[in-house]
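What's in my_file07.txt: compact mmCIF, C-alpha atoms
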```txt
# COMPACT_ATOMS: atom_id res chain seq x y z
CA MET U 66 379.35 210.77 34.47
CA ALA U 67 376.48 212.76 32.97
CA ARG U 68 375.29 211.92 29.49
CA TYR U 69 372.81 213.18 26.90
CA THR U 70 369.45 211.41 27.17
CA GLY U 71 367.39 213.38 24.64
CA PRO U 72 366.31 212.43 21.07
CA SER U 73 369.28 211.09 19.07
CA CYS U 74 367.91 211.84 15.62
CA ARG U 75 367.55 215.51 16.57
CA LEU U 76 371.35 215.71 16.91
CA CYS U 77 371.94 214.32 13.42
CA ARG U 78 369.50 216.82 11.94
CA ARG U 79 371.14 219.69 13.81
CA GLU U 80 374.59 218.79 12.51
CA ASN U 81 373.23 217.95 9.02
CA MET U 82 375.19 214.70 9.07
CA GLU U 83 374.49 211.06 9.89
CA LEU U 84 376.18 210.47 13.24
CA PHE U 85 374.94 206.83 13.38
CA LEU U 86 373.67 207.25 16.94
CA LYS U 87 370.89 204.67 16.55
CA GLY U 88 372.78 201.83 14.91
CA ASP U 89 371.10 199.94 12.06
CA ARG U 90 368.16 202.37 11.91
CA CYS U 91 370.55 204.99 10.49
CA TYR U 92 371.11 202.83 7.40
CA THR U 93 367.40 202.56 6.57
CA ASP U 94 364.78 204.91 5.15
CA LYS U 95 363.57 205.52 8.72
CA CYS U 96 366.58 207.76 9.32
CA ALA U 97 365.23 211.15 10.39
CA LEU U 98 367.89 213.03 8.40
CA LYS U 99 366.71 211.38 5.18
CA ARG U 100 363.08 212.17 5.93
CA ARG U 101 363.57 215.73 7.24
CA ASN U 102 366.82 217.12 5.91
CA TYR U 103 366.74 220.39 7.85
CA PRO U 104 367.59 221.47 11.43
CA PRO U 105 365.05 220.72 14.18
CA GLY U 106 362.94 223.35 15.86
CA GLN U 107 360.41 226.00 14.94
CA HIS U 108 362.81 227.88 12.65
CA GLY U 109 364.60 224.87 11.23
CA GLN U 110 363.48 225.50 7.67
CA GLY U 111 364.23 229.21 7.79
CA ARG U 112 367.27 230.86 6.27
CA SER U 113 370.17 231.36 8.64
CA LYS U 114 373.50 233.14 8.48
CA THR U 115 376.54 231.39 9.92
CA SER U 116 379.58 233.28 11.23
CA ASP U 117 383.11 231.88 11.44
CA TYR U 118 382.50 231.24 15.12
CA GLY U 119 379.28 229.40 14.27
CA VAL U 120 381.10 227.10 11.83
CA GLN U 121 383.73 226.30 14.45
CA LEU U 122 381.10 225.70 17.12
CA ARG U 123 379.11 223.34 14.92
CA GLU U 124 382.24 221.29 14.15
CA LYS U 125 383.02 220.97 17.86
CA GLN U 126 379.44 220.00 18.67
CA LYS U 127 379.43 217.45 15.87
CA VAL U 128 382.52 215.66 17.17
CA LYS U 129 381.27 215.78 20.78
CA ARG U 130 378.00 214.17 19.77
CA LEU U 131 379.68 211.66 17.48
CA TYR U 132 381.69 210.24 20.39
CA GLY U 133 378.97 210.75 23.01
CA LEU U 134 380.77 213.29 25.21
CA LEU U 135 379.68 216.38 27.07
CA GLU U 136 381.55 219.68 27.14
CA LYS U 137 383.69 219.22 30.28
CA GLN U 138 385.00 215.82 29.19
CA PHE U 139 385.60 216.96 25.62
CA ARG U 140 387.54 220.01 26.78
CA SER U 141 389.65 217.74 28.98
CA TYR U 142 390.56 215.66 25.92
CA PHE U 143 391.50 218.81 24.04
CA GLY U 144 393.77 219.89 26.91
CA ARG U 145 395.54 216.53 26.83
CA ALA U 146 395.90 216.68 23.06
CA ASP U 147 397.33 220.20 23.28
CA ARG U 148 400.01 219.07 25.74
CA MET U 149 401.08 216.12 23.58
CA LYS U 150 403.77 216.33 20.92
CA GLY U 151 402.56 216.67 17.35
CA VAL U 152 399.48 218.24 15.76
CA THR U 153 396.83 219.06 18.35
CA GLY U 154 393.85 218.23 16.12
CA ALA U 155 395.21 214.83 15.10
CA ASN U 156 396.12 214.10 18.74
CA LEU U 157 392.55 214.90 19.79
CA LEU U 158 391.01 212.51 17.29
CA SER U 159 393.50 209.79 18.23
CA LEU U 160 392.58 210.09 21.92
CA LEU U 161 388.87 209.89 21.09
CA GLU U 162 389.37 206.86 18.84
CA ARG U 163 391.34 205.06 21.53
CA ARG U 164 388.48 205.13 24.03
CA LEU U 165 387.45 201.58 24.93
CA ASP U 166 383.80 202.14 24.05
CA ASN U 167 384.81 203.45 20.62
CA VAL U 168 387.12 200.46 20.05
CA VAL U 169 384.28 198.06 20.93
CA TYR U 170 382.08 199.89 18.40
CA ARG U 171 384.79 199.98 15.72
CA LEU U 172 385.40 196.24 16.11
CA GLY U 173 381.70 195.61 15.44
CA PHE U 174 380.56 194.30 18.83
CA ALA U 175 377.91 197.06 19.01
CA SER U 176 375.75 198.86 16.45
CA SER U 177 376.35 202.30 17.98
CA ARG U 178 378.71 203.99 20.42
CA ALA U 179 375.89 204.40 22.94
CA GLU U 180 375.29 200.66 22.85
CA SER U 181 379.01 199.89 23.15
CA ARG U 182 379.26 202.23 26.14
CA GLN U 183 376.44 200.35 27.87
CA LEU U 184 378.00 196.96 27.08
CA VAL U 185 381.32 198.06 28.56
CA ARG U 186 379.64 199.48 31.66
CA HIS U 187 377.82 196.19 32.19
CA GLY U 188 381.07 194.24 32.17
CA HIS U 189 380.72 192.28 28.93
CA PHE U 190 384.36 192.81 27.86
CA THR U 191 387.87 192.20 29.12
CA LEU U 192 390.97 194.23 28.28
CA ASN U 193 394.15 192.15 28.25
CA GLY U 194 392.37 189.44 30.23
CA ARG U 195 390.99 191.73 32.95
CA LYS U 196 387.39 192.85 33.28
CA ALA U 197 386.95 196.41 31.97
CA THR U 198 383.94 198.54 32.89
CA ILE U 199 385.20 202.08 32.19
CA PRO U 200 384.20 203.30 28.68
CA SER U 201 386.84 206.06 28.66
CA MET U 202 389.81 203.71 29.20
CA GLN U 203 392.55 204.37 26.64
CA VAL U 204 393.77 201.35 24.68
CA LYS U 205 397.40 200.97 23.58
CA ALA U 206 399.09 199.19 20.70
CA GLY U 207 399.09 195.45 21.40
CA ASP U 208 396.02 195.50 23.67
CA LEU U 209 393.49 192.69 23.37
CA VAL U 210 389.75 193.33 23.73
CA GLU U 211 387.70 190.17 24.22
CA LEU U 212 384.02 189.45 24.74
CA ARG U 213 383.48 187.44 27.92
CA GLU U 214 382.35 183.88 27.34
CA LYS U 215 379.03 184.26 29.15
CA SER U 216 378.19 187.25 26.93
CA ARG U 217 378.71 185.53 23.58
CA THR U 218 375.05 184.58 23.27
CA VAL U 219 373.72 188.14 23.68
CA ALA U 220 371.51 188.73 20.65
CA ALA U 221 372.41 192.41 20.20
CA ILE U 222 376.13 191.59 20.03
CA SER U 223 375.58 188.74 17.56
CA ASP U 224 373.47 190.96 15.32
CA ALA U 225 376.10 193.71 15.41
CA LEU U 226 378.87 191.28 14.47
CA ASP U 227 376.79 189.98 11.57
CA ALA U 228 376.48 193.54 10.24
CA VAL U 229 380.15 194.52 10.70
CA VAL U 230 380.88 193.78 7.03
CA ARG U 231 378.79 196.80 6.01
CA ARG U 232 380.72 199.20 8.24
CA GLY U 233 384.16 197.60 8.08
CA VAL U 234 386.94 197.46 10.68
CA PRO U 235 389.65 200.18 10.69
CA GLN U 236 393.17 199.21 9.64
CA TRP U 237 394.59 199.89 13.09
CA LEU U 238 392.32 197.22 14.58
CA GLU U 239 391.99 193.51 13.87
CA LEU U 240 388.86 191.45 14.54
CA ASP U 241 388.83 187.70 15.15
CA ARG U 242 385.12 187.08 14.63
CA ASP U 243 385.18 183.39 15.55
CA ALA U 244 387.09 183.97 18.80
CA PHE U 245 385.00 187.05 19.76
CA LYS U 246 388.07 189.21 20.27
CA GLY U 247 389.92 192.07 18.65
CA SER U 248 393.40 193.51 18.93
CA VAL U 249 394.92 196.97 18.60
CA LYS U 250 397.58 196.59 15.91
CA SER U 251 398.78 200.18 16.18
CA LEU U 252 397.70 203.59 17.43
CA PRO U 253 395.27 205.37 15.07
CA VAL U 254 396.69 208.12 12.87
CA ARG U 255 394.75 210.88 11.10
CA GLU U 256 394.56 208.91 7.85
CA ASP U 257 392.74 206.06 9.65
CA ILE U 258 389.79 208.30 10.55
CA VAL U 259 387.55 208.60 7.50
CA THR U 260 384.66 210.42 9.20
CA PRO U 261 384.38 213.94 7.69
CA ILE U 262 385.85 216.00 10.54
CA GLN U 263 387.66 219.34 10.27
CA GLU U 264 389.57 219.20 13.52
CA GLN U 265 391.43 222.44 12.78
CA LEU U 266 388.17 224.33 13.35
CA ILE U 267 387.98 222.89 16.86
CA VAL U 268 391.57 223.93 17.56
CA GLU U 269 390.80 227.46 16.36
CA LEU U 270 387.69 227.62 18.56
CA TYR U 271 389.47 226.58 21.75
CA SER U 272 392.49 228.75 20.97
CA LYS U 273 390.53 232.00 21.13
```
Using the file provided, produce a representation of the structure as structure tokens.
Amino acid sequence: MARYTGPSCRLCRRENMELFLKGDRCYTDKCALKRRNYPPGQHGQGRSKTSDYGVQLREKQKVKRLYGLLEKQFRSYFGRADRMKGVTGANLLSLLERRLDNVVYRLGFASSRAESRQLVRHGHFTLNGRKATIPSMQVKAGDLVELREKSRTVAAISDALDAVVRRGVPQWLELDRDAFKGSVKSLPVREDIVTPIQEQLIVELYSK
């Protein structure tokens, strides 16, 4: 699966929002958005007009970059959400939150989603007792995500778990810090997602 390999801080500046793509650095004064609070590029500090389409596009791009997806994969998630019962926008966010790499990040085993994706790909975690190496796997209520015993001394994971207090763990997840495991108490609902996202704009964009 293809992935974005360019400068991460450039994405935050373009969306004018901290996407926390570089982990702990995003909480410090080194954050590029705090130092240069304007879009990147030659005309970043110029005045720009934004159409309704532009607002919708930026919201879609923001969510794509937040979860580390490219266009084809994101559109596939939207198609699934549209076919599900309920509100399409809420369904979309629920599907994105239920990705295994996102769950690993939300539980605090990684400082960023990019790091959690790499940890999953390298086989550091099990899902319900079985080795899981696919970041896009969808978790279900009652699932158990556990750090493999041989991976419990990895410094990056230990540091991330020490800092989890600052970020917090969502209500739909439960972390057992001492046992290096977390469980999915329930499926995420819209109220569980506190990131400022206007999913209706994405629905309007794809519905044109």
Using all atoms listed in the file, the best pick from U:Ile267, U:Leu157, U:Val234, U:Met202 as closest to Val185 in chain U would be U:Met202
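Close to (378.0, 203.6, 21.4), meaning no more than 9 Å away when counting all atoms listed in the file, sit the residues Leu86, Lys87, Gly88, Tyr132, Gly133, Asp166, Asn167, Val169, Tyr170, Ala175, Ser176, Ser177, Arg178, Ala179, Glu180, Ser181, Arg182, Gln183 and Leu184 of chain U.
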Can you pull out every residue within 12 Å of Lys196 in chain U, counting only C-alpha atoms, but drop anything in the same chain fewer than 4 positions away, and send it as an mmCIF file with C-alpha atoms, in the frame of the given file?
```cif
data_model
loop_
_atom_site.group_PDB
_atom_site.id
_atom_site.type_symbol
_atom_site.label_atom_id
_atom_site.label_comp_id
_atom_site.auth_asym_id
_atom_site.auth_seq_id
_atom_site.Cartn_x
_atom_site.Cartn_y
_atom_site.Cartn_z
ATOM 1 C CA LEU U 184 378.000 196.960 27.080
ATOM 2 C CA VAL U 185 381.320 198.060 28.560
ATOM 3 C CA ARG U 186 379.640 199.480 31.660
ATOM 4 C CA HIS U 187 377.820 196.190 32.190
ATOM 5 C CA GLY U 188 381.070 194.240 32.170
ATOM 6 C CA HIS U 189 380.720 192.280 28.930
ATOM 7 C CA PHE U 190 384.360 192.810 27.860
ATOM 8 C CA THR U 191 387.870 192.200 29.120
ATOM 9 C CA LEU U 192 390.970 194.230 28.280
ATOM 10 C CA PRO U 200 384.200 203.300 28.680
ATOM 11 C CA MET U 202 389.810 203.710 29.200
ATOM 12 C CA LEU U 209 393.490 192.690 23.370
ATOM 13 C CA VAL U 210 389.750 193.330 23.730
ATOM 14 C CA GLU U 211 387.700 190.170 24.220
ATOM 15 C CA LEU U 212 384.020 189.450 24.740
ATOM 16 C CA ARG U 213 383.480 187.440 27.920
ATOM 17 C CA GLU U 214 382.350 183.880 27.340
#
```
Q.
Taking only C-alpha atoms into account, name the residue in U:Leu266, U:Ile222, U:Lys273, U:Asn193 that is nearest to Val128 in chain U.
A.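 For Val128 in chain U, the nearest of the candidates is U:Leu266.
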If you count only C-alpha atoms, which residues fall within 10 Å of Arg163 in chain U, apart from same-chain ones fewer than 6 positions away, as a ChimeraX atom specification?
/U:169,201-206,249,252-253
Counting all atoms listed in the file, closest pick from U:Asp224, U:Pro261, U:Arg232, U:Phe174 relative to Phe245 in chain U is U:Phe174
One decimal, in Å: what's the spacing between CA of Gln121 in chain U and CA of Pro235 in chain U?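 Computing the Euclidean distance for CA of Gln121 in chain U and CA of Pro235 in chain U yields 27.0 Å.
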**Asked** From the list U:Val168, U:Ala244, U:Gly194, U:Val229, which residue is nearest Arg217 in chain U when using all atoms listed in the file?
**Response**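 Residue with the minimum atom-to-atom distance to Arg217 in chain U: U:Ala244.
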Pairwise distance, CA of Arg140 in chain U with CA of Glu239 in chain U, equals 29.8 Å
Quiz item: How many Å lie between CA of Gly119 in chain U and CA of Tyr142 in chain U, rounded to one decimal?
Solution: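 Value for the CA of Gly119 in chain U-CA of Tyr142 in chain U distance: 21.3 Å.
Comparing the minimum interatomic distances between Ser251 in chain U and each of U:Gln236, U:Ser141, U:Gln263, U:Ser272, counting all atoms listed in the file, we find that U:Gln236 sits nearest.
For Gly154 in chain U, the non-local neighbours within 7 Å, defined as residues at least 5 positions apart in the same chain or in other chains and counting only C-alpha atoms, are Glu264, Gln265 and Val268 of chain U.
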Any idea what's packed within 10 Å of Asn156 in chain U, counting only C-alpha atoms, ignoring anything in its chain fewer than 6 positions away? Could you give it as a VMD selection string? chain U and resid 142 to 143 145 to 150 162 253 to 255 264
For Ile199 in chain U, which residue among U:Val259, U:Leu165, U:Leu270, U:Leu131 is the nearest when counting all atoms listed in the file?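 Ranked by minimum distance to Ile199 in chain U, first place goes to U:Leu165.
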Six-sided padding of 4 Å per side, axis-aligned box over range 150-155 of chain U, centre and edges in Å, one decimal, as AutoDock Vina command-line options:
```
--center_x 398.8 --center_y 216.9 --center_z 18.0 --size_x 17.9 --size_y 12.2 --size_z 13.8
```
